[in-house]
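**Student:** Just one file: coords.cif, with mmCIF, C-alpha atoms.
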```cif
data_my_file
loop_
_atom_site.label_atom_id
_atom_site.label_comp_id
_atom_site.auth_asym_id
_atom_site.auth_seq_id
_atom_site.Cartn_x
_atom_site.Cartn_y
_atom_site.Cartn_z
CA MET C 1 160.94 55.46 94.54
CA GLU C 2 163.89 57.27 96.03
CA THR C 3 165.87 55.13 98.45
CA LEU C 4 167.85 56.82 101.20
CA THR C 5 170.79 55.41 102.98
CA ALA C 6 170.43 54.91 106.69
CA LYS C 7 172.74 57.86 107.31
CA GLU C 8 170.69 60.17 105.06
CA ALA C 9 167.37 59.07 106.59
CA VAL C 10 168.54 59.58 110.14
CA HIS C 11 169.98 62.96 109.24
CA CYS C 12 166.65 64.13 107.74
CA VAL C 13 164.64 62.93 110.70
CA ALA C 14 167.07 64.49 113.18
CA GLU C 15 166.94 67.81 111.36
CA THR C 16 163.10 67.91 111.36
CA VAL C 17 162.89 66.80 114.98
CA SER C 18 165.28 69.53 116.01
CA LYS C 19 162.93 72.13 114.38
CA VAL C 20 159.83 70.69 116.06
CA SER C 21 161.31 70.80 119.51
CA VAL C 22 162.44 74.41 119.33
CA THR C 23 160.95 76.36 122.21
CA GLN C 24 157.89 78.44 121.25
CA PRO C 25 156.60 81.60 122.89
CA GLU C 26 154.69 80.72 126.01
CA ILE C 27 151.08 81.69 126.52
CA LYS C 28 150.07 81.40 130.14
CA LYS C 29 146.89 79.58 131.04
CA PRO C 30 144.49 82.18 132.38
CA SER C 31 143.02 81.67 135.78
CA GLN C 32 139.56 80.12 136.02
CA ALA C 33 138.31 83.41 137.46
CA ALA C 34 139.52 85.30 134.38
CA ILE C 35 137.90 82.74 132.07
CA ASN C 36 134.60 82.99 133.98
CA LYS C 37 134.73 86.77 133.83
CA LEU C 38 135.20 86.70 130.05
CA LEU C 39 132.39 84.14 129.60
CA ASP C 40 130.08 86.28 131.72
CA LYS C 41 130.88 89.31 129.56
CA ILE C 42 130.16 87.35 126.35
CA SER C 43 126.93 86.02 127.81
CA ALA C 44 125.78 89.51 128.86
CA PHE C 45 126.70 90.87 125.43
CA ASN C 46 124.74 88.14 123.64
CA LYS C 47 121.72 88.74 125.88
CA HIS C 48 121.87 92.44 125.11
CA ILE C 49 122.05 91.74 121.36
CA GLU C 50 119.07 89.37 121.57
CA GLU C 51 117.04 92.01 123.41
CA LYS C 52 117.99 94.61 120.84
CA THR C 53 117.04 92.26 118.00
CA ASN C 54 113.61 91.66 119.54
CA LEU C 55 113.13 95.42 119.86
CA VAL C 56 114.04 95.97 116.20
CA ILE C 57 111.67 93.14 115.16
CA GLU C 58 108.91 94.85 117.18
CA LEU C 59 109.80 98.18 115.56
CA ASN C 60 109.56 96.57 112.11
CA LYS C 61 106.05 95.33 112.92
CA GLN C 62 105.08 98.85 113.98
CA LEU C 63 106.55 100.30 110.77
CA GLU C 64 104.46 97.91 108.70
CA LYS C 65 101.39 99.41 110.38
CA VAL C 66 102.72 102.92 109.75
CA SER C 67 102.66 102.09 106.02
CA TYR C 68 98.82 101.83 106.28
CA ILE C 69 98.47 105.44 107.41
CA GLN C 70 96.73 107.77 105.00
CA VAL C 71 98.21 111.25 105.41
CA SER C 72 95.33 113.67 105.14
CA SER C 73 96.65 116.96 106.53
CA GLU C 74 99.78 119.05 106.72
CA GLU C 75 100.00 118.20 110.40
CA ASP C 76 99.97 114.46 109.59
CA PHE C 77 102.63 115.01 106.94
CA ASP C 78 104.92 116.85 109.38
CA LEU C 79 104.47 114.16 112.00
CA VAL C 80 105.32 111.37 109.56
CA LYS C 81 108.23 113.32 108.04
CA ASN C 82 109.74 113.92 111.49
CA MET C 83 109.26 110.28 112.37
CA ILE C 84 111.06 109.20 109.19
CA ASN C 85 114.00 111.51 109.98
CA MET C 86 114.11 110.14 113.53
CA LEU C 87 114.07 106.57 112.18
CA LYS C 88 116.93 107.28 109.76
CA ASP C 89 119.05 108.87 112.52
CA ALA C 90 118.40 106.01 114.90
CA TYR C 91 119.16 103.42 112.21
CA GLY C 92 122.46 105.17 111.40
CA LYS C 93 123.52 105.09 115.05
CA THR C 94 122.46 101.48 115.49
CA ILE C 95 124.25 100.20 112.39
CA ARG C 96 127.45 102.00 113.45
CA ILE C 97 127.33 100.20 116.79
CA TYR C 98 126.72 96.93 114.94
CA VAL C 99 129.78 97.51 112.74
CA ARG C 100 131.86 98.42 115.81
CA ASP C 101 130.90 95.13 117.49
CA SER C 102 130.99 92.93 114.40
CA TRP C 103 134.47 91.61 115.33
CA THR C 104 132.57 89.29 117.68
CA ILE C 105 131.33 87.37 114.61
CA THR C 106 134.81 86.44 113.43
CA ALA C 107 135.91 85.89 117.03
CA GLY C 108 133.27 83.15 117.08
CA CYS C 109 131.58 84.18 120.30
CA SER C 110 128.42 85.92 119.05
CA ALA C 111 127.90 84.98 115.40
CA GLY C 112 124.35 83.65 115.77
CA VAL C 113 122.92 86.61 117.66
CA MET C 114 124.78 89.13 115.52
CA TYR C 115 123.46 87.63 112.26
CA ALA C 116 119.93 87.71 113.66
CA LEU C 117 120.38 91.37 114.57
CA LYS C 118 121.70 92.13 111.06
CA HIS C 119 118.61 90.56 109.47
CA ALA C 120 116.38 92.73 111.66
CA LEU C 121 118.45 95.84 110.89
CA ASP C 122 118.27 95.15 107.14
CA ASP C 123 114.50 95.00 107.45
CA TRP C 124 114.47 98.24 109.38
CA LYS C 125 116.48 99.96 106.64
CA GLU C 126 114.07 98.61 104.02
CA HIS C 127 111.10 99.99 105.98
CA ASN C 128 112.76 103.40 106.30
CA GLU C 129 113.31 103.55 102.53
CA ASP C 130 109.78 102.41 101.71
CA LEU C 131 108.19 104.87 104.12
CA GLU C 132 110.28 107.74 102.75
CA ASP C 133 109.27 106.78 99.20
CA LYS C 134 105.60 106.53 100.10
CA PHE C 135 105.15 109.60 102.27
CA ILE C 136 107.77 111.98 100.85
CA THR C 137 109.35 111.10 97.47
CA LEU C 138 106.30 109.70 95.69
CA ALA C 139 103.62 111.54 97.66
CA ASN C 140 103.78 114.61 95.47
CA ASP C 141 104.69 112.88 92.23
CA ASP C 142 101.97 113.79 89.74
CA GLU C 143 102.76 110.96 87.34
CA MET C 144 102.45 108.45 90.18
CA LYS C 145 99.11 109.89 91.25
CA SER C 146 97.83 109.72 87.71
CA LEU C 147 99.05 106.13 87.16
CA SER C 148 97.46 104.99 90.41
CA ALA C 149 94.16 106.71 89.63
CA GLU C 150 94.02 105.14 86.18
CA ILE C 151 94.73 101.66 87.55
CA ILE C 152 91.93 102.08 90.10
CA LYS C 153 89.56 103.15 87.35
CA LEU C 154 90.43 100.21 85.09
CA THR C 155 90.30 97.60 87.83
CA SER C 156 86.85 98.43 89.07
CA LYS C 157 84.47 95.47 89.37
CA LYS C 158 83.22 95.86 85.84
CA ALA C 159 86.65 96.10 84.20
CA CYS C 160 88.19 93.12 86.01
CA MET D 1 89.45 85.74 93.24
CA GLU D 2 91.67 85.97 90.20
CA VAL D 3 95.41 86.36 90.07
CA TYR D 4 97.19 88.04 87.16
CA CYS D 5 100.83 88.91 86.58
CA THR D 6 102.94 91.08 84.37
CA THR D 7 105.47 89.75 81.86
CA LEU D 8 108.26 90.94 84.14
CA PHE D 9 106.86 89.08 87.15
CA GLN D 10 106.59 85.81 85.24
CA LYS D 11 110.14 86.18 83.92
CA GLU D 12 111.61 86.91 87.37
CA PHE D 13 109.56 84.22 89.12
CA GLU D 14 110.65 81.55 86.67
CA LYS D 15 114.27 82.72 86.90
CA ILE D 16 114.23 82.46 90.70
CA CYS D 17 112.49 79.08 90.74
CA LYS D 18 115.12 77.63 88.39
CA LYS D 19 117.92 78.44 90.86
CA LYS D 20 118.77 75.72 93.36
CA ASN D 21 119.41 78.43 95.96
CA TYR D 22 115.68 79.14 96.13
CA PRO D 23 113.94 75.78 96.56
CA ASP D 24 110.95 77.20 98.46
CA CYS D 25 110.03 80.13 96.18
CA HIS D 26 107.43 78.10 94.27
CA SER D 27 105.77 76.63 97.38
CA GLU D 28 105.75 79.92 99.29
CA PHE D 29 104.12 81.61 96.30
CA VAL D 30 101.48 78.91 95.89
CA GLU D 31 100.60 78.82 99.60
CA TYR D 32 100.21 82.57 99.89
CA PHE D 33 98.76 83.71 96.57
CA LEU D 34 97.01 80.72 95.12
CA LYS D 35 95.63 78.82 98.10
CA GLN D 36 94.41 81.65 100.36
CA ASP D 37 91.21 83.63 100.28
CA PHE D 38 91.49 87.09 98.77
CA LYS D 39 90.83 88.80 102.12
CA ASP D 40 94.08 87.35 103.53
CA ILE D 41 96.30 88.47 100.65
CA PRO D 42 96.59 92.26 100.98
CA SER D 43 99.06 92.39 103.86
CA GLY D 44 102.66 93.35 104.47
CA ASP D 45 103.87 96.84 103.62
CA MET D 46 101.53 99.16 101.77
CA LEU D 47 103.97 100.87 99.43
CA TYR D 48 101.67 103.26 97.63
CA GLY D 49 98.08 104.07 96.89
CA PRO D 50 94.74 103.94 98.65
CA PRO D 51 93.76 100.70 100.44
CA GLU D 52 91.20 99.82 97.74
CA MET D 53 93.97 99.39 95.16
CA ALA D 54 97.37 99.65 96.80
CA LEU D 55 100.79 98.43 95.78
CA TRP D 56 101.88 95.95 98.45
CA LYS D 57 105.14 94.28 99.37
CA LYS D 58 104.93 90.90 101.06
CA ARG D 59 107.92 89.18 102.66
CA LEU D 60 107.67 85.41 102.24
CA PRO D 61 108.24 83.39 104.32
CA ASP D 62 109.95 85.99 106.51
CA SER D 63 112.35 88.92 106.47
CA SER D 64 115.24 87.01 104.89
CA GLY D 65 113.03 85.51 102.19
CA TYR D 66 111.38 86.75 98.99
CA ARG D 67 109.76 90.10 98.30
CA PHE D 68 106.55 89.90 96.28
CA TYR D 69 105.18 93.18 94.89
CA PHE D 70 101.53 93.20 93.93
CA PHE D 71 98.42 95.28 93.56
CA ALA D 72 95.22 94.09 95.21
CA SER D 73 91.90 95.41 93.96
CA ILE D 74 89.41 95.22 96.82
CA ALA D 75 86.44 95.98 94.55
CA SER D 76 87.11 93.24 92.03
CA GLU D 77 89.07 90.85 94.30
CA CYS D 78 91.87 90.65 91.76
CA VAL D 79 95.58 90.41 92.47
CA PHE D 80 98.11 91.84 90.00
CA LEU D 81 101.62 90.55 90.61
CA ALA D 82 104.20 93.06 89.43
CA PHE D 83 107.63 91.91 90.60
CA VAL D 84 109.49 89.49 92.84
CA HIS D 85 113.04 89.27 94.13
CA PRO D 86 114.84 87.33 96.82
CA LYS D 87 116.52 89.27 99.61
CA THR D 88 119.65 87.10 99.70
CA GLY D 89 121.66 84.73 97.51
CA PRO D 90 122.91 85.15 93.94
CA LEU D 91 119.74 86.96 92.75
CA GLY D 92 119.33 88.85 96.02
CA THR D 93 118.52 92.56 96.13
CA PRO D 94 118.22 94.64 99.30
CA ASN D 95 115.26 96.71 98.06
CA VAL D 96 113.77 98.46 95.04
CA LYS D 97 113.99 102.20 94.41
CA ASP D 98 111.14 104.70 94.16
CA GLN D 99 111.49 104.91 90.38
CA PHE D 100 111.06 101.18 90.07
CA LYS D 101 107.87 101.36 92.13
CA LYS D 102 106.64 103.85 89.57
CA GLN D 103 107.71 101.50 86.78
CA MET D 104 105.63 98.72 88.35
CA HIS D 105 102.60 101.02 88.11
CA ARG D 106 103.41 101.76 84.46
CA ASP D 107 103.82 98.04 83.67
CA VAL D 108 100.56 96.98 85.28
CA LEU D 109 98.65 99.85 83.71
CA SER D 110 99.99 99.26 80.22
CA GLU D 111 99.39 95.49 80.41
CA ILE D 112 95.81 96.06 81.63
CA LYS D 113 95.22 98.44 78.72
CA GLU D 114 96.80 96.14 76.15
CA GLY D 115 95.19 93.03 77.59
CA THR D 116 98.54 91.30 77.97
CA LEU D 117 98.34 90.44 81.65
CA THR D 118 98.82 86.74 82.25
CA LYS D 119 96.38 84.79 84.38
CA VAL D 120 98.04 82.69 87.08
CA THR D 121 96.47 79.41 88.13
CA TYR D 122 97.48 76.45 90.23
CA ASP D 123 97.29 72.85 89.09
CA LEU D 124 96.80 70.95 92.32
CA ALA D 125 97.24 67.48 90.75
CA ASN D 126 100.66 68.32 89.34
CA ASP D 127 101.63 71.01 91.88
CA THR D 128 102.44 73.42 89.09
CA VAL D 129 101.85 77.11 88.57
CA ASN D 130 100.37 77.83 85.16
CA PHE D 131 100.70 81.13 83.33
CA VAL D 132 97.81 81.29 80.88
#
```
Let me see whether you can do it: turn the structure in this file into structure tokens.
**Tutor:**
Amino acid sequence: METLTAKEAVHCVAETVSKVSVTQPEIKKPSQAAINKLLDKISAFNKHIEEKTNLVIELNKQLEKVSYIQVSSEEDFDLVKNMINMLKDAYGKTIRIYVRDSWTITAGCSAGVMYALKHALDDWKEHNEDLEDKFITLANDDEMKSLSAEIIKLTSKKAC
Amino acid sequence: MEVYCTTLFQKEFEKICKKKNYPDCHSEFVEYFLKQDFKDIPSGDMLYGPPEMALWKKRLPDSSGYRFYFFASIASECVFLAFVHPKTGPLGTPNVKDQFKKQMHRDVLSEIKEGTLTKVTYDLANDTVNFV
């Protein structure tokens, strides 16, 4: 154990104390009105995000039902194709707004609502991809049609 | 109702269940696929095919959970499990591509033809999933 003389110990303490007590830049306490205004803004933002999340969750439920559609005409195909393009555009805009506002997660004021929105947006993206695969990419794939038809044939009541 | 799975499904399911990050994969699977009536199983997203034998994707227990891919034959009341992945965590994947959906069709078809599909049963006494 290192033993200091009284002089050395006092010198060390005095030096550290002098550093601690150095004046630091001042940050002024905001007025209560300013604090309230900021809290109101955060609260309104969080409410907006919650409403948007609920809308996206509702949209996801609707898209699940869209996956049950059987496209039987060119008119149906055009309708569904346009809807998929509209969905992709809208998702792109929405995710850009999410990224713009994602600083609120690290700022600690909206993490919970923002994570919930991200989950819903991820689901939306997944639906968009699955619908595009089903109604556009795989719809005219001959190998897929043939595989599906053969599976149906082999899994009839008798075969299973 | 009978439940079958491909070799790939069994491999992935067992891999996921071994990870501590996914403690509810086994129970979610049992509750949905092995304890329900057949009529309640074909639900979720219909990824491809006619309703009588479609490829489905089911999110269990919810959107941040697991994705189970399966075929459900309405005529024979058989379920054919093709693939599973978690959405998040170390084995997490955001989605599967169109070519992989085609591969799931190839896998199920070839295993039906070769008779290599595995039957999946539930042992209530031991709470275990058996691949026979």
**Student:** Please return, as a JSON list (two decimals) with C-alpha atoms, in the coordinates of the input, all residues of chain C lying within 8 Å of chain D when only C-alpha atoms are considered.
**Tutor:**
```
[["chain", "number", "residue", "atom", "x", "y", "z"],
["C", 64, "GLU", "CA", 104.46, 97.91, 108.70],
["C", 65, "LYS", "CA", 101.39, 99.41, 110.38],
["C", 67, "SER", "CA", 102.66, 102.09, 106.02],
["C", 68, "TYR", "CA", 98.82, 101.83, 106.28],
["C", 70, "GLN", "CA", 96.73, 107.77, 105.00],
["C", 119, "HIS", "CA", 118.61, 90.56, 109.47],
["C", 120, "ALA", "CA", 116.38, 92.73, 111.66],
["C", 122, "ASP", "CA", 118.27, 95.15, 107.14],
["C", 123, "ASP", "CA", 114.50, 95.00, 107.45],
["C", 126, "GLU", "CA", 114.07, 98.61, 104.02],
["C", 130, "ASP", "CA", 109.78, 102.41, 101.71],
["C", 131, "LEU", "CA", 108.19, 104.87, 104.12],
["C", 133, "ASP", "CA", 109.27, 106.78, 99.20],
["C", 134, "LYS", "CA", 105.60, 106.53, 100.10],
["C", 137, "THR", "CA", 109.35, 111.10, 97.47],
["C", 138, "LEU", "CA", 106.30, 109.70, 95.69],
["C", 144, "MET", "CA", 102.45, 108.45, 90.18],
["C", 147, "LEU", "CA", 99.05, 106.13, 87.16],
["C", 148, "SER", "CA", 97.46, 104.99, 90.41],
["C", 150, "GLU", "CA", 94.02, 105.14, 86.18],
["C", 151, "ILE", "CA", 94.73, 101.66, 87.55],
["C", 152, "ILE", "CA", 91.93, 102.08, 90.10],
["C", 154, "LEU", "CA", 90.43, 100.21, 85.09],
["C", 155, "THR", "CA", 90.30, 97.60, 87.83],
["C", 156, "SER", "CA", 86.85, 98.43, 89.07],
["C", 157, "LYS", "CA", 84.47, 95.47, 89.37],
["C", 158, "LYS", "CA", 83.22, 95.86, 85.84],
["C", 160, "CYS", "CA", 88.19, 93.12, 86.01]]
```
**Student:** Evaluate the PyMOL selection byres ((chain D and resi 13-17) around 8) and record the selected residues as a PyMOL selection string, following the chain and residue labels used in the document.
**Tutor:** chain D and resi 9-12+18-20+22-23+25-26+84-86+91
**Student:** Identify all residues satisfying the PyMOL selection byres ((chain D and resi 37-40) around 7) in the given file; provide them as a list in words.
**Tutor:**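 Selected by the PyMOL selection byres ((chain D and resi 37-40) around 7) in this file: Met1, Lys35, Gln36, Ile41, Pro42 and Glu77 of chain D.
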**Student:** Determine the nearest neighbour of Lys125 of chain C from the options C:Arg100, C:Lys47, C:Lys145, C:Lys88, counting all atoms listed in the file.
**Tutor:**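 Among the listed residues, C:Lys88 lies closest to Lys125 of chain C.
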**Student:** Mind pulling up the distance from atom CA of Val30 of chain D to atom CA of Asp123 of chain D?
**Tutor:** 10.0 Å
**Student:** Mind pulling up the distance from atom CA of Val79 of chain D to atom CA of Phe100 of chain D?
**Tutor:** 19.0 Å
**Student:** Between D:Tyr69, D:Ala82, D:Asp24, D:Glu31, which has the minimum distance to Glu111 of chain D (counting all atoms listed in the file)?
**Tutor:**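 Answer, going by the shortest atom-to-atom distance: D:Ala82.
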**Student:** Which neighbours of Ile95 of chain C fall inside 10 Å, counting all atoms listed in the file, when residues of the same chain fewer than 3 positions from it are skipped, and could you give them as a ChimeraX atom specification?
**Tutor:** /C:90-92,98-101,117-118,121-122,125
**Student:** For atom CA of Met86 of chain C and atom CA of Ser73 of chain C, determine how far apart the two atoms are, in Å to one decimal place.
**Tutor:**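 If I compute the distance from atom CA of Met86 of chain C to atom CA of Ser73 of chain C, I get 20.0 Å.
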**Student:** Show which residues sit within 12 Å of Met83 of chain C, as a list in words. Count all atoms listed in the file, and ignore same-chain residues fewer than 5 positions away.
**Tutor:**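 So, after excluding close chain neighbours, the residues are Leu63, Val66, Asp76, Phe77, Asp78, Lys88, Asp89, Ala90, Asn128, Leu131, Glu132, Phe135 and Ile136 of chain C.
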**Student:** Given the file shown, enumerate the residues that the PyMOL selection byres ((chain C and resi 109) around 12) captures and present them as a PDB file with C-alpha atoms, keeping the file's coordinate frame.
**Tutor:**
```
ATOM      1  CA  LEU C  38     135.200  86.700 130.050  1.00  0.00           C
ATOM      2  CA  LEU C  39     132.390  84.140 129.600  1.00  0.00           C
ATOM      3  CA  ASP C  40     130.080  86.280 131.720  1.00  0.00           C
ATOM      4  CA  LYS C  41     130.880  89.310 129.560  1.00  0.00           C
ATOM      5  CA  ILE C  42     130.160  87.350 126.350  1.00  0.00           C
ATOM      6  CA  SER C  43     126.930  86.020 127.810  1.00  0.00           C
ATOM      7  CA  ALA C  44     125.780  89.510 128.860  1.00  0.00           C
ATOM      8  CA  PHE C  45     126.700  90.870 125.430  1.00  0.00           C
ATOM      9  CA  ASN C  46     124.740  88.140 123.640  1.00  0.00           C
ATOM     10  CA  ASP C 101     130.900  95.130 117.490  1.00  0.00           C
ATOM     11  CA  SER C 102     130.990  92.930 114.400  1.00  0.00           C
ATOM     12  CA  TRP C 103     134.470  91.610 115.330  1.00  0.00           C
ATOM     13  CA  THR C 104     132.570  89.290 117.680  1.00  0.00           C
ATOM     14  CA  ILE C 105     131.330  87.370 114.610  1.00  0.00           C
ATOM     15  CA  THR C 106     134.810  86.440 113.430  1.00  0.00           C
ATOM     16  CA  ALA C 107     135.910  85.890 117.030  1.00  0.00           C
ATOM     17  CA  GLY C 108     133.270  83.150 117.080  1.00  0.00           C
ATOM     18  CA  SER C 110     128.420  85.920 119.050  1.00  0.00           C
ATOM     19  CA  ALA C 111     127.900  84.980 115.400  1.00  0.00           C
ATOM     20  CA  GLY C 112     124.350  83.650 115.770  1.00  0.00           C
ATOM     21  CA  VAL C 113     122.920  86.610 117.660  1.00  0.00           C
ATOM     22  CA  MET C 114     124.780  89.130 115.520  1.00  0.00           C
ATOM     23  CA  TYR C 115     123.460  87.630 112.260  1.00  0.00           C
TER      24      TYR C 115
END
```
**Student:** Looking at D:Val132, D:Thr116, D:Tyr122, D:Thr6, which one is nearest to Tyr32 of chain D, with distances taken over all atoms listed in the file?
**Tutor:**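 Using all atoms listed in the file, the shortest distance to Tyr32 of chain D belongs to D:Tyr122.
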**Student:** What would segment 23-34 of chain C look like with N, CA, C and O atoms in place, written as a compact mmCIF listing (two decimals), keeping the file's coordinate frame?
**Tutor:**
```
# COMPACT_ATOMS: atom_id res chain seq x y z
N THR C 23 161.86 75.74 121.24
CA THR C 23 160.95 76.36 122.21
C THR C 23 160.09 77.42 121.53
O THR C 23 160.58 78.20 120.72
N GLN C 24 158.78 77.41 121.83
CA GLN C 24 157.89 78.44 121.25
C GLN C 24 157.47 79.42 122.32
O GLN C 24 157.56 79.10 123.52
N PRO C 25 157.03 80.62 121.90
CA PRO C 25 156.60 81.60 122.89
C PRO C 25 155.53 81.01 123.81
O PRO C 25 154.65 80.30 123.33
N GLU C 26 155.60 81.31 125.05
CA GLU C 26 154.69 80.72 126.01
C GLU C 26 153.44 81.61 126.18
O GLU C 26 153.56 82.84 126.24
N ILE C 27 152.28 80.95 126.19
CA ILE C 27 151.08 81.69 126.52
C ILE C 27 150.54 81.09 127.82
O ILE C 27 150.31 79.88 127.90
N LYS C 28 150.42 81.93 128.82
CA LYS C 28 150.07 81.40 130.14
C LYS C 28 148.59 81.07 130.21
O LYS C 28 147.75 81.79 129.67
N LYS C 29 148.29 79.97 130.84
CA LYS C 29 146.89 79.58 131.04
C LYS C 29 146.24 80.60 131.96
O LYS C 29 146.75 80.86 133.05
N PRO C 30 145.13 81.20 131.50
CA PRO C 30 144.49 82.18 132.38
C PRO C 30 143.85 81.49 133.59
O PRO C 30 143.53 80.30 133.53
N SER C 31 143.64 82.25 134.59
CA SER C 31 143.02 81.67 135.78
C SER C 31 141.55 81.38 135.48
O SER C 31 140.96 81.99 134.57
N GLN C 32 140.97 80.45 136.21
CA GLN C 32 139.56 80.12 136.02
C GLN C 32 138.69 81.35 136.23
O GLN C 32 137.70 81.56 135.53
N ALA C 33 139.09 82.19 137.17
CA ALA C 33 138.31 83.41 137.46
C ALA C 33 138.28 84.33 136.24
O ALA C 33 137.24 84.90 135.90
N ALA C 34 139.45 84.44 135.56
CA ALA C 34 139.52 85.30 134.38
C ALA C 34 138.66 84.73 133.25
O ALA C 34 137.98 85.48 132.54
```
